[in-house]
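Trainee: Dropping in coords-v7.cif, with mmCIF, C-alpha atoms.
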data_work
#
loop_
_atom_site.group_PDB
_atom_site.id
_atom_site.type_symbol
_atom_site.label_atom_id
_atom_site.label_comp_id
_atom_site.auth_asym_id
_atom_site.auth_seq_id
_atom_site.Cartn_x
_atom_site.Cartn_y
_atom_site.Cartn_z
ATOM 1 C CA MET U 113 -15.233 17.275 -3.859
ATOM 2 C CA PHE U 114 -16.328 18.523 -7.246
ATOM 3 C CA TYR U 115 -15.140 22.029 -8.126
ATOM 4 C CA ARG U 116 -16.899 23.697 -11.015
ATOM 5 C CA THR U 117 -15.022 25.945 -13.444
ATOM 6 C CA LEU U 118 -14.050 29.339 -12.084
ATOM 7 C CA GLU U 119 -12.271 31.887 -14.292
ATOM 8 C CA VAL U 120 -9.716 34.245 -12.743
ATOM 9 C CA THR U 121 -7.348 36.856 -14.167
ATOM 10 C CA THR U 122 -3.556 36.780 -13.894
ATOM 11 C CA LYS U 123 -1.325 39.777 -13.202
ATOM 12 C CA ASP U 124 -0.633 40.029 -16.941
ATOM 13 C CA ASN U 125 -4.384 40.028 -17.741
ATOM 14 C CA ARG U 126 -4.719 36.489 -19.016
ATOM 15 C CA THR U 127 -7.664 34.269 -18.099
ATOM 16 C CA VAL U 128 -7.046 31.102 -16.128
ATOM 17 C CA ALA U 129 -9.692 28.469 -15.435
ATOM 18 C CA LEU U 130 -9.669 26.603 -12.117
ATOM 19 C CA ARG U 131 -11.661 23.382 -11.854
ATOM 20 C CA SER U 132 -11.627 19.774 -10.779
ATOM 21 C CA VAL U 133 -9.355 17.511 -12.789
ATOM 22 C CA ARG U 134 -11.506 15.048 -14.720
ATOM 23 C CA PRO U 135 -10.678 11.334 -14.626
ATOM 24 C CA GLU U 136 -10.304 11.313 -18.412
ATOM 25 C CA GLU U 137 -7.439 13.812 -17.981
ATOM 26 C CA ALA U 138 -5.387 11.311 -15.992
ATOM 27 C CA GLU U 139 -2.638 10.984 -18.592
ATOM 28 C CA GLN U 140 -2.264 14.754 -18.914
ATOM 29 C CA ALA U 141 -2.276 15.280 -15.137
ATOM 30 C CA LEU U 142 0.361 12.616 -14.596
ATOM 31 C CA ALA U 143 2.568 14.088 -17.328
ATOM 32 C CA CYS U 144 2.227 17.564 -15.813
ATOM 33 C CA LEU U 145 3.109 16.318 -12.343
ATOM 34 C CA LYS U 146 6.285 14.719 -13.659
ATOM 35 C CA GLU U 147 7.143 17.865 -15.614
ATOM 36 C CA PHE U 148 6.602 20.158 -12.618
ATOM 37 C CA CYS U 149 8.730 17.924 -10.387
ATOM 38 C CA GLY U 150 11.527 18.141 -12.944
ATOM 39 C CA GLN U 151 11.498 21.951 -12.961
ATOM 40 C CA THR U 152 12.355 22.606 -9.318
ATOM 41 C CA CYS U 153 14.186 21.070 -6.386
ATOM 42 C CA PHE U 154 11.491 22.335 -4.006
ATOM 43 C CA LEU U 155 8.986 19.499 -4.469
ATOM 44 C CA ALA U 156 9.109 16.405 -2.296
ATOM 45 C CA ARG U 157 9.574 13.960 -5.167
ATOM 46 C CA ARG U 158 11.817 13.843 -8.207
ATOM 47 C CA ALA U 159 10.179 13.232 -11.572
ATOM 48 C CA GLU U 160 11.807 9.789 -11.836
ATOM 49 C CA GLU U 161 10.289 8.786 -8.496
ATOM 50 C CA ILE U 162 6.715 9.102 -9.785
ATOM 51 C CA ASP U 163 5.987 5.567 -10.895
ATOM 52 C CA ILE U 164 2.183 5.371 -10.780
ATOM 53 C CA THR U 165 0.314 4.316 -13.917
ATOM 54 C CA VAL U 166 -2.298 6.273 -15.845
ATOM 55 C CA ASP U 167 -4.918 3.833 -14.552
ATOM 56 C CA ASP U 168 -3.781 4.538 -10.985
ATOM 57 C CA GLU U 169 -4.066 8.280 -11.619
ATOM 58 C CA ARG U 170 -7.520 7.890 -13.175
ATOM 59 C CA LYS U 171 -8.752 5.982 -10.118
ATOM 60 C CA TYR U 172 -7.225 8.636 -7.849
ATOM 61 C CA LEU U 173 -9.071 11.410 -9.727
ATOM 62 C CA GLU U 174 -12.337 9.503 -9.613
ATOM 63 C CA ASP U 175 -11.983 9.103 -5.865
ATOM 64 C CA LYS U 176 -11.153 12.781 -5.338
ATOM 65 C CA GLN U 177 -14.130 13.972 -7.395
ATOM 66 C CA ASP U 178 -16.496 11.854 -5.296
ATOM 67 C CA ALA U 179 -14.778 12.466 -1.940
ATOM 68 C CA LYS U 180 -16.429 14.508 0.790
ATOM 69 C CA ASP U 181 -13.117 15.363 2.472
ATOM 70 C CA ALA U 182 -10.711 16.042 -0.424
ATOM 71 C CA ALA U 183 -10.362 17.741 -3.815
ATOM 72 C CA GLN U 184 -7.949 17.739 -6.758
ATOM 73 C CA LEU U 185 -7.905 20.946 -8.801
ATOM 74 C CA ALA U 186 -5.979 22.203 -11.797
ATOM 75 C CA ALA U 187 -5.287 25.555 -13.414
ATOM 76 C CA TYR U 188 -5.721 25.848 -17.193
ATOM 77 C CA LEU U 189 -4.218 28.595 -19.330
ATOM 78 C CA ASP U 190 -5.313 28.530 -22.987
ATOM 79 C CA ASP U 191 -6.685 25.026 -22.291
ATOM 80 C CA LYS U 192 -3.238 23.854 -21.144
ATOM 81 C CA MET U 193 -2.901 22.428 -17.641
ATOM 82 C CA VAL U 194 -0.348 24.651 -15.876
ATOM 83 C CA GLY U 195 -0.975 23.958 -12.193
ATOM 84 C CA LEU U 196 -2.134 21.257 -9.802
ATOM 85 C CA ALA U 197 -3.480 21.737 -6.295
ATOM 86 C CA SER U 198 -5.072 19.439 -3.756
ATOM 87 C CA VAL U 199 -6.543 19.226 -0.277
ATOM 88 C CA TRP U 200 -6.708 15.937 1.589
ATOM 89 C CA PRO U 201 -7.277 14.760 5.180
ATOM 90 C CA LEU U 202 -4.329 14.413 7.508
ATOM 91 C CA GLY U 203 -5.462 10.953 8.580
ATOM 92 C CA GLY U 204 -4.604 9.237 11.828
ATOM 93 C CA GLY U 205 -8.024 8.769 13.391
ATOM 94 C CA GLU U 206 -11.045 10.676 14.642
ATOM 95 C CA ARG U 207 -9.065 13.063 16.839
ATOM 96 C CA LYS U 208 -7.282 14.469 13.758
ATOM 97 C CA LYS U 209 -10.254 14.770 11.411
ATOM 98 C CA HIS U 210 -10.323 18.568 11.843
ATOM 99 C CA ARG U 211 -6.913 18.865 10.109
ATOM 100 C CA CYS U 212 -6.043 18.763 6.400
ATOM 101 C CA LEU U 213 -2.966 18.982 4.213
ATOM 102 C CA LEU U 214 -2.517 20.898 0.975
ATOM 103 C CA GLY U 215 -0.178 20.847 -1.981
ATOM 104 C CA ILE U 216 0.388 23.159 -4.950
ATOM 105 C CA SER U 217 2.677 22.788 -7.966
ATOM 106 C CA LEU U 218 2.976 25.101 -10.973
ATOM 107 C CA ASP U 219 4.603 25.023 -14.380
ATOM 108 C CA LYS U 220 7.704 27.217 -14.203
ATOM 109 C CA SER U 221 6.494 29.218 -17.202
ATOM 110 C CA VAL U 222 3.653 30.693 -15.116
ATOM 111 C CA TRP U 223 5.449 31.455 -11.881
ATOM 112 C CA ASN U 224 4.923 34.915 -10.374
ATOM 113 C CA ILE U 225 1.794 35.933 -12.295
ATOM 114 C CA GLY U 226 -0.743 35.281 -9.533
ATOM 115 C CA ILE U 227 -1.945 31.770 -10.349
ATOM 116 C CA GLY U 228 -0.542 30.382 -7.104
ATOM 117 C CA SER U 229 -2.539 32.937 -5.117
ATOM 118 C CA ARG U 230 -5.770 32.106 -6.911
ATOM 119 C CA MET U 231 -5.195 28.379 -6.363
ATOM 120 C CA MET U 232 -4.476 28.971 -2.684
ATOM 121 C CA GLU U 233 -7.746 30.873 -2.325
ATOM 122 C CA ALA U 234 -9.592 28.019 -3.997
ATOM 123 C CA LEU U 235 -8.025 25.463 -1.646
ATOM 124 C CA ILE U 236 -8.920 27.522 1.421
ATOM 125 C CA ASP U 237 -12.490 27.778 0.138
ATOM 126 C CA VAL U 238 -12.652 24.011 -0.359
ATOM 127 C CA ALA U 239 -11.204 23.269 3.083
ATOM 128 C CA GLN U 240 -13.675 25.588 4.816
ATOM 129 C CA ARG U 241 -16.647 24.142 2.974
ATOM 130 C CA ILE U 242 -15.580 20.610 3.877
ATOM 131 C CA GLY U 243 -15.460 21.711 7.502
ATOM 132 C CA TYR U 244 -11.760 21.548 8.307
ATOM 133 C CA GLU U 245 -10.539 23.737 11.146
ATOM 134 C CA GLN U 246 -6.836 23.694 10.329
ATOM 135 C CA MET U 247 -4.759 23.567 7.124
ATOM 136 C CA GLU U 248 -1.182 22.367 7.209
ATOM 137 C CA LEU U 249 1.701 22.149 4.770
ATOM 138 C CA GLN U 250 5.410 21.456 4.556
ATOM 139 C CA VAL U 251 7.771 23.603 2.512
ATOM 140 C CA PHE U 252 11.513 23.652 1.857
ATOM 141 C CA ALA U 253 13.120 26.262 4.117
ATOM 142 C CA GLU U 254 14.958 27.759 1.110
ATOM 143 C CA ASN U 255 11.740 28.223 -0.875
ATOM 144 C CA GLU U 256 11.281 31.856 0.105
ATOM 145 C CA ALA U 257 8.740 32.663 -2.620
ATOM 146 C CA ALA U 258 6.412 29.875 -1.482
ATOM 147 C CA ILE U 259 6.787 30.861 2.175
ATOM 148 C CA ARG U 260 5.851 34.460 1.316
ATOM 149 C CA LEU U 261 2.728 33.168 -0.455
ATOM 150 C CA TYR U 262 1.700 31.099 2.541
ATOM 151 C CA GLU U 263 2.360 33.969 4.948
ATOM 152 C CA LYS U 264 0.156 36.175 2.746
ATOM 153 C CA TYR U 265 -2.706 33.826 3.583
ATOM 154 C CA GLU U 266 -1.861 33.817 7.293
ATOM 155 C CA PHE U 267 -0.062 30.498 7.551
ATOM 156 C CA GLU U 268 2.236 30.491 10.572
ATOM 157 C CA ASN U 269 5.656 28.861 10.888
ATOM 158 C CA CYS U 270 5.341 26.105 13.476
ATOM 159 C CA GLY U 271 8.856 24.735 13.363
ATOM 160 C CA THR U 272 11.633 23.332 11.225
ATOM 161 C CA VAL U 273 12.816 19.781 10.682
ATOM 162 C CA PRO U 274 16.564 19.949 10.009
ATOM 163 C CA ARG U 275 18.001 17.792 7.210
ATOM 164 C CA ALA U 276 14.511 16.631 6.187
ATOM 165 C CA TYR U 277 15.654 15.915 2.606
ATOM 166 C CA LYS U 278 18.944 14.663 1.261
ATOM 167 C CA ASP U 279 20.044 14.953 -2.364
ATOM 168 C CA ALA U 280 22.142 12.394 -4.200
ATOM 169 C CA ASP U 281 25.172 14.679 -3.856
ATOM 170 C CA GLY U 282 24.794 14.759 -0.084
ATOM 171 C CA THR U 283 23.142 18.195 0.172
ATOM 172 C CA TYR U 284 20.575 18.494 2.964
ATOM 173 C CA HIS U 285 17.429 20.634 2.997
ATOM 174 C CA ASP U 286 15.448 21.745 6.054
ATOM 175 C CA GLU U 287 11.650 21.560 6.013
ATOM 176 C CA VAL U 288 9.284 24.116 7.543
ATOM 177 C CA THR U 289 5.807 23.190 8.789
ATOM 178 C CA MET U 290 3.178 25.921 8.411
ATOM 179 C CA VAL U 291 -0.385 26.001 9.763
ATOM 180 C CA LYS U 292 -3.484 28.119 9.080
ATOM 181 C CA ASN U 293 -6.440 28.462 11.429
ATOM 182 C CA LEU U 294 -9.719 28.043 9.522
ATOM 183 C CA THR U 295 -12.103 28.817 12.365
ATOM 184 C CA VAL U 296 -11.695 32.502 11.439
ATOM 185 C CA LYS U 297 -13.455 32.426 8.092
ATOM 186 C CA PHE U 298 -11.664 33.506 4.941
ATOM 187 C CA GLU U 299 -13.953 34.946 2.268
ATOM 188 C CA PRO U 300 -12.705 34.174 -1.261
ATOM 189 C CA TRP U 301 -13.769 36.216 -4.278
ATOM 190 C CA GLU U 302 -16.444 33.730 -5.291
ATOM 191 C CA LYS U 303 -17.761 30.413 -4.072
ATOM 192 C CA ALA U 304 -17.090 27.737 -6.653
ATOM 193 C CA THR U 305 -17.527 24.409 -4.880
ATOM 194 C CA MET U 306 -20.679 22.378 -4.804
ATOM 195 C CA ASP U 307 -21.822 18.806 -4.985
ATOM 196 C CA LEU U 308 -21.724 17.349 -8.494
ATOM 197 C CA GLU U 309 -25.447 16.584 -8.329
ATOM 198 C CA GLU U 310 -26.229 20.210 -7.432
ATOM 199 C CA TRP U 311 -24.174 21.495 -10.374
ATOM 200 C CA ILE U 312 -25.895 19.084 -12.800
ATOM 201 C CA GLU U 313 -29.284 20.279 -11.597
ATOM 202 C CA GLU U 314 -28.238 23.949 -11.895
ATOM 203 C CA GLN U 315 -27.124 23.378 -15.498
ATOM 204 C CA GLY U 316 -30.392 21.682 -16.396
ATOM 205 C CA ILE U 317 -28.552 18.561 -17.589
ATOM 206 C CA GLN U 318 -30.693 15.461 -18.047
ATOM 207 C CA LEU U 319 -28.922 12.228 -17.254
ATOM 208 C CA ARG U 320 -29.815 8.814 -18.598
ATOM 209 C CA TYR U 321 -28.765 5.674 -16.802
#
Will you turn the file into structure tokens for me?

Mentor:
Amino acid sequence: MFYRTLEVTTKDNRTVALRSVRPEEAEQALACLKEFCGQTCFLARRAEEIDITVDDERKYLEDKQDAKDAAQLAAYLDDKMVGLASVWPLGGGERKKHRCLLGISLDKSVWNIGIGSRMMEALIDVAQRIGYEQMELQVFAENEAAIRLYEKYEFENCGTVPRAYKDADGTYHDEVTMVKNLTVKFEPWEKATMDLEEWIEEQGIQLRY
């Protein structure tokens, strides 16, 4: 799904732009993902485990922009990409099409200034407009800040998988599954999703083929 630019304000009164990641930003997005994964132990993958190519990332972004059931967003502060967020279908057949997964990662330099909340609101908006009835996520049990964020948006703890992750030094980490009901509508501060064709028409852009 295409997500047009939406400007929001951080707790320290800076302006952040949220929008779809463009395919031509594939190299930047891939570099940011690796950087974010290297800043915390609370993401599923290590930076060195991300082995996709820029071409792979570009194709992924193209698919997400055109998809009817998924979206890839980013947060930009002073034109620098500082956050990535996505919604995608759970998969597994027709009987699970009402469920989606989400993921958020942020540059450590912008933790705790409200960007995560604004990105969460955008993802909930996207999921509702797609028509999902349930959002799901997995989070490290020790990641208390993230769990507080999810609880703020009425995600419920549905259980813990013990020893879900194992570090090279033998340390284990439990994983919590959290779920949000989307049939009770959440009203974000502003609607920002639309079809790409609708946005082009609204802007009065003339395309030549």

Trainee: Kindly indicate which residue among U:Val128, U:Leu145, U:Thr272, U:Val288 lies nearest to U:Glu256, using only C-alpha atoms for the distances.

Mentor: U:Val288

Trainee: Padding of 4 Å on every side, edges along x, y and z, all listed atoms of stretch 238-256 of chain U included: what centre and edge lengths in Å, to one decimal, does that box have, as lines of an AutoDock Vina configuration file?

Mentor:
center_x = -0.8
center_y = 26.2
center_z = 5.1
size_x = 39.6
size_y = 19.2
size_z = 20.0

Trainee: What is the distance, in Å and to one decimal place, between atom CA of U:Gly215 and atom CA of U:Gln151?

Mentor: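 Those two atoms sit 16.1 Å apart.
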
Trainee: Considering all atoms listed in the file, state which residue in the set U:Leu218, U:Cys270, U:Ala234, U:Ala239 is at the smallest distance from U:Thr152.

Mentor: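 Using all atoms listed in the file, U:Thr152 sits closest to U:Leu218.
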
Trainee: Could you pull the residues within 10 Å of U:Gln184, counting only C-alpha atoms, minus those fewer than 5 positions along the same chain, as a ChimeraX atom specification?

Mentor: /U:113-115,131-134,172-177,179,196-200,214-215,235

Trainee: Could you check how far atom CA of U:Glu248 sits from atom CA of U:Asp286, in Å to one decimal?

Mentor: 16.7 Å

Trainee: Quick one: residues within 12 Å of stretch 202-206 of chain U, all atoms listed in the file, excluding same-chain residues fewer than 3 positions away - as a PyMOL selection string?

Mentor: chain U and resi 181-182+199+209-214+244-249

Trainee: Neighbours of U:Glu263 within 12 Å (only C-alpha atoms; same-chain residues fewer than 5 positions away dropped), as a list in words?

Mentor: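 Using only C-alpha atoms, the neighbours found are Ser229, Met232, Leu249, Val251, Glu256, Ala257, Ala258, Glu268, Asn269, Cys270, Thr289, Met290, Val291 and Lys292 of chain U.
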
Trainee: Counting only C-alpha atoms, figure out which residue out of U:Asp279, U:Glu119, U:Asp219, U:Glu233 gets nearest to U:Ala141.

Mentor: U:Asp219

Trainee: Taking the file as shown, what set of residues would the PyMOL selection byres ((chain U and resi 189) around 9) give back, as a PDB file with C-alpha atoms, in the coordinates of the input?

Mentor:
ATOM      1  CA  ARG U 126      -4.719  36.489 -19.016  1.00  0.00           C
ATOM      2  CA  THR U 127      -7.664  34.269 -18.099  1.00  0.00           C
ATOM      3  CA  VAL U 128      -7.046  31.102 -16.128  1.00  0.00           C
ATOM      4  CA  ALA U 129      -9.692  28.469 -15.435  1.00  0.00           C
ATOM      5  CA  ALA U 187      -5.287  25.555 -13.414  1.00  0.00           C
ATOM      6  CA  TYR U 188      -5.721  25.848 -17.193  1.00  0.00           C
ATOM      7  CA  ASP U 190      -5.313  28.530 -22.987  1.00  0.00           C
ATOM      8  CA  ASP U 191      -6.685  25.026 -22.291  1.00  0.00           C
ATOM      9  CA  LYS U 192      -3.238  23.854 -21.144  1.00  0.00           C
ATOM     10  CA  MET U 193      -2.901  22.428 -17.641  1.00  0.00           C
ATOM     11  CA  VAL U 194      -0.348  24.651 -15.876  1.00  0.00           C
TER      12      VAL U 194
END

Trainee: Report, in Å with one decimal, the straight-line distance from atom CA of U:Thr121 to atom CA of U:Phe267.

Mentor: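 Atom-to-atom, atom CA of U:Thr121 to atom CA of U:Phe267, that is 23.8 Å.
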
Trainee: Under the PyMOL selection byres ((chain U and resi 155) around 12), which residues of this model are included? Write them out as a PyMOL selection string.

Mentor: chain U and resi 145-154+156-159+161-162+215-218+250-255+258+277+285+287

Trainee: Which is closest to U:Gly243 among U:Val273, U:Ile227, U:Leu294, U:Ala280, if we use all atoms listed in the file?

Mentor: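 Between U:Val273, U:Ile227, U:Leu294, U:Ala280, the residue approaching U:Gly243 most closely is U:Leu294.
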